[in-house]
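J.: Enclosed is the structure file run02.cif (mmCIF, C-alpha atoms, pLDDT in the B column; chains and numbers go by the auth columns).
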data_run
#
loop_
_atom_site.group_PDB
_atom_site.id
_atom_site.type_symbol
_atom_site.label_atom_id
_atom_site.label_comp_id
_atom_site.label_asym_id
_atom_site.label_seq_id
_atom_site.Cartn_x
_atom_site.Cartn_y
_atom_site.Cartn_z
_atom_site.B_iso_or_equiv
_atom_site.auth_seq_id
_atom_site.auth_asym_id
ATOM 1 C CA MET A 1 115.260 56.603 39.150 52.00 1 N
ATOM 2 C CA ALA A 2 116.306 59.237 36.594 49.00 2 N
ATOM 3 C CA THR A 3 116.361 58.669 32.878 51.00 3 N
ATOM 4 C CA ASP A 4 117.105 60.729 29.817 67.00 4 N
ATOM 5 C CA SER A 5 118.267 59.749 26.353 75.00 5 N
ATOM 6 C CA SER A 6 121.915 59.269 27.351 85.00 6 N
ATOM 7 C CA LYS A 7 121.780 58.450 31.075 90.00 7 N
ATOM 8 C CA GLU A 8 120.207 55.817 33.311 91.00 8 N
ATOM 9 C CA THR A 9 120.366 55.946 37.131 92.00 9 N
ATOM 10 C CA LEU A 10 119.415 52.912 39.197 93.00 10 N
ATOM 11 C CA LYS A 11 119.107 52.273 42.919 96.00 11 N
ATOM 12 C CA LEU A 12 119.679 48.721 44.154 95.00 12 N
ATOM 13 C CA THR A 13 119.137 47.516 47.712 95.00 13 N
ATOM 14 C CA LYS A 14 120.269 44.073 48.820 90.00 14 N
ATOM 15 C CA ASP A 15 121.212 42.623 52.207 91.00 15 N
ATOM 16 C CA GLY A 16 120.914 46.059 53.831 89.00 16 N
ATOM 17 C CA LYS A 17 123.309 47.701 51.351 92.00 17 N
ATOM 18 C CA GLU A 18 122.256 50.503 49.040 95.00 18 N
ATOM 19 C CA LEU A 19 123.998 50.898 45.672 95.00 19 N
ATOM 20 C CA TRP A 20 123.495 53.682 43.146 95.00 20 N
ATOM 21 C CA ILE A 21 124.497 52.874 39.587 95.00 21 N
ATOM 22 C CA GLU A 22 124.649 55.393 36.781 94.00 22 N
ATOM 23 C CA VAL A 23 125.345 54.571 33.132 93.00 23 N
ATOM 24 C CA TRP A 24 126.085 57.300 30.590 91.00 24 N
ATOM 25 C CA ALA A 25 126.342 56.720 26.864 89.00 25 N
ATOM 26 C CA ASP A 26 128.218 59.376 24.939 83.00 26 N
ATOM 27 C CA HIS A 27 127.906 60.223 21.264 80.00 27 N
ATOM 28 C CA THR A 28 130.879 57.991 20.335 84.00 28 N
ATOM 29 C CA GLY A 29 129.212 54.826 21.639 83.00 29 N
ATOM 30 C CA GLN A 30 131.370 54.634 24.756 90.00 30 N
ATOM 31 C CA TYR A 31 129.843 54.130 28.196 91.00 31 N
ATOM 32 C CA ILE A 32 130.695 55.637 31.574 92.00 32 N
ATOM 33 C CA LEU A 33 129.695 53.533 34.564 94.00 33 N
ATOM 34 C CA THR A 34 129.620 54.979 38.097 95.00 34 N
ATOM 35 C CA ILE A 35 128.811 52.794 41.103 95.00 35 N
ATOM 36 C CA VAL A 36 128.421 54.263 44.597 95.00 36 N
ATOM 37 C CA GLU A 37 127.706 52.331 47.789 94.00 37 N
ATOM 38 C CA LYS A 38 125.887 54.337 50.430 93.00 38 N
ATOM 39 C CA ALA A 39 127.537 54.133 53.850 90.00 39 N
ATOM 40 C CA ALA A 40 127.720 56.173 57.019 86.00 40 N
ATOM 41 C CA MET A 41 130.615 58.593 57.238 82.00 41 N
ATOM 42 C CA VAL A 42 133.433 57.577 59.547 82.00 42 N
ATOM 43 C CA GLN A 43 134.648 60.258 61.902 74.00 43 N
ATOM 44 C CA GLU A 44 138.257 60.014 62.962 74.00 44 N
ATOM 45 C CA LEU A 45 139.441 61.793 66.081 67.00 45 N
ATOM 46 C CA VAL A 46 142.879 63.167 65.329 68.00 46 N
ATOM 47 C CA ALA A 47 143.319 65.315 68.431 71.00 47 N
ATOM 48 C CA SER A 48 144.647 63.975 71.685 78.00 48 N
ATOM 49 C CA ALA A 49 146.285 65.366 74.793 81.00 49 N
ATOM 50 C CA ASP A 50 149.614 63.952 73.589 85.00 50 N
ATOM 51 C CA ALA A 51 149.255 65.682 70.196 82.00 51 N
ATOM 52 C CA PHE A 52 148.408 68.992 71.892 83.00 52 N
ATOM 53 C CA ALA A 53 151.350 68.684 74.299 87.00 53 N
ATOM 54 C CA ASP A 54 153.723 67.807 71.461 88.00 54 N
ATOM 55 C CA GLY A 55 152.560 70.805 69.407 86.00 55 N
ATOM 56 C CA LEU A 56 152.987 73.155 72.353 89.00 56 N
ATOM 57 C CA ARG A 57 156.468 71.770 73.069 92.00 57 N
ATOM 58 C CA THR A 58 157.714 71.937 69.475 93.00 58 N
ATOM 59 C CA THR A 59 156.090 75.112 68.098 92.00 59 N
ATOM 60 C CA GLY A 60 154.587 76.839 71.127 89.00 60 N
ATOM 61 C CA HIS A 61 151.051 76.739 69.709 85.00 61 N
ATOM 62 C CA ILE A 62 148.384 74.406 68.369 84.00 62 N
ATOM 63 C CA ALA A 63 145.571 74.844 65.877 80.00 63 N
ATOM 64 C CA VAL A 64 142.194 73.502 66.939 76.00 64 N
ATOM 65 C CA GLU A 65 139.676 73.755 64.112 74.00 65 N
ATOM 66 C CA GLY A 66 135.997 74.356 64.804 71.00 66 N
ATOM 67 C CA ILE A 67 136.275 76.028 68.212 72.00 67 N
ATOM 68 C CA TYR A 68 135.106 79.630 68.180 72.00 68 N
ATOM 69 C CA PHE A 69 135.432 82.510 70.644 72.00 69 N
ATOM 70 C CA ASP A 70 134.106 86.047 70.493 75.00 70 N
ATOM 71 C CA THR A 71 136.869 88.537 69.735 78.00 71 N
ATOM 72 C CA GLY A 72 138.689 89.563 72.911 81.00 72 N
ATOM 73 C CA LYS A 73 136.860 87.050 75.118 78.00 73 N
ATOM 74 C CA SER A 74 137.893 83.738 76.632 76.00 74 N
ATOM 75 C CA GLU A 75 134.435 82.139 76.712 75.00 75 N
ATOM 76 C CA LEU A 76 133.377 79.643 74.091 71.00 76 N
ATOM 77 C CA LYS A 77 130.512 80.516 71.783 72.00 77 N
ATOM 78 C CA PRO A 78 127.210 79.139 73.163 70.00 78 N
ATOM 79 C CA ASN A 79 126.942 76.353 70.569 66.00 79 N
ATOM 80 C CA LEU A 80 130.195 74.810 71.838 64.00 80 N
ATOM 81 C CA GLN A 81 129.590 75.044 75.575 57.00 81 N
ATOM 82 C CA ARG A 82 127.712 71.714 75.719 58.00 82 N
ATOM 83 C CA ARG A 83 130.453 69.935 73.810 58.00 83 N
ATOM 84 C CA SER A 84 133.220 71.439 75.944 55.00 84 N
ATOM 85 C CA ALA A 85 131.553 69.998 79.052 54.00 85 N
ATOM 86 C CA LYS A 86 131.936 66.543 77.470 54.00 86 N
ATOM 87 C CA TRP A 87 135.592 67.237 76.595 55.00 87 N
ATOM 88 C CA ARG A 88 136.413 68.230 80.174 56.00 88 N
ATOM 89 C CA ASN A 89 134.988 64.925 81.421 52.00 89 N
ATOM 90 C CA CYS A 90 137.176 62.778 79.153 48.00 90 N
#
In structure tokens, write the structure found in this file.
T.:
Amino acid sequence: MATDSSKETLKLTKDGKELWIEVWADHTGQYILTIVEKAAMVQELVASADAFADGLRTTGHIAVEGIYFDTGKSELKPNLQRRSAKWRNC
């Protein structure tokens, strides 16, 4: 894919897997080899009703990242309203 005098980057695809391999040669004659396998990111759900209840019981509050409100209002920002409908149905 990309080549210069000290670096070679290769893309290999086999059996549905995609590998990227990069080889660097430094001025001392040593090589650096980097191999990366492309894969979908795994999303882990770490929030649950039990975790929320436990946080409220022990500290009196919980932090929920990624949920935004306008200052002084109790309504969710428009981009989260669709998602919150899904949450309420869980």
J.: Name the residues that the PyMOL selection byres ((chain N and resi 36-39) around 10) picks from the file above, as a list in words, using the file's chain letters and numbers.
T.: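 What the PyMOL selection byres ((chain N and resi 36-39) around 10) grabs from the file is Lys11, Leu12, Thr13, Lys17, Glu18, Leu19, Trp20, Ile21, Glu22, Thr34, Ile35, Ala40, Met41 and Val42 of chain N.
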J.: How far is it from atom CA of Ser5 of chain N to atom CA of Gly29 of chain N, in Å with one decimal?
T.: 12.9 Å
J.: Figure out the distance between atom CA of Arg57 of chain N and atom CA of Lys77 of chain N, please, to one decimal in Å.
T.: 27.4 Å
J.: Could you state the separation of atom CA of Thr9 of chain N and atom CA of Leu33 of chain N in Å, given to one decimal place?
T.: 10.0 Å
J.: Quick one: residues within 10 Å of Val64 of chain N, all atoms listed in the file, excluding same-chain residues fewer than 4 positions away - as a ChimeraX atom specification?
T.: /N:47,52,68
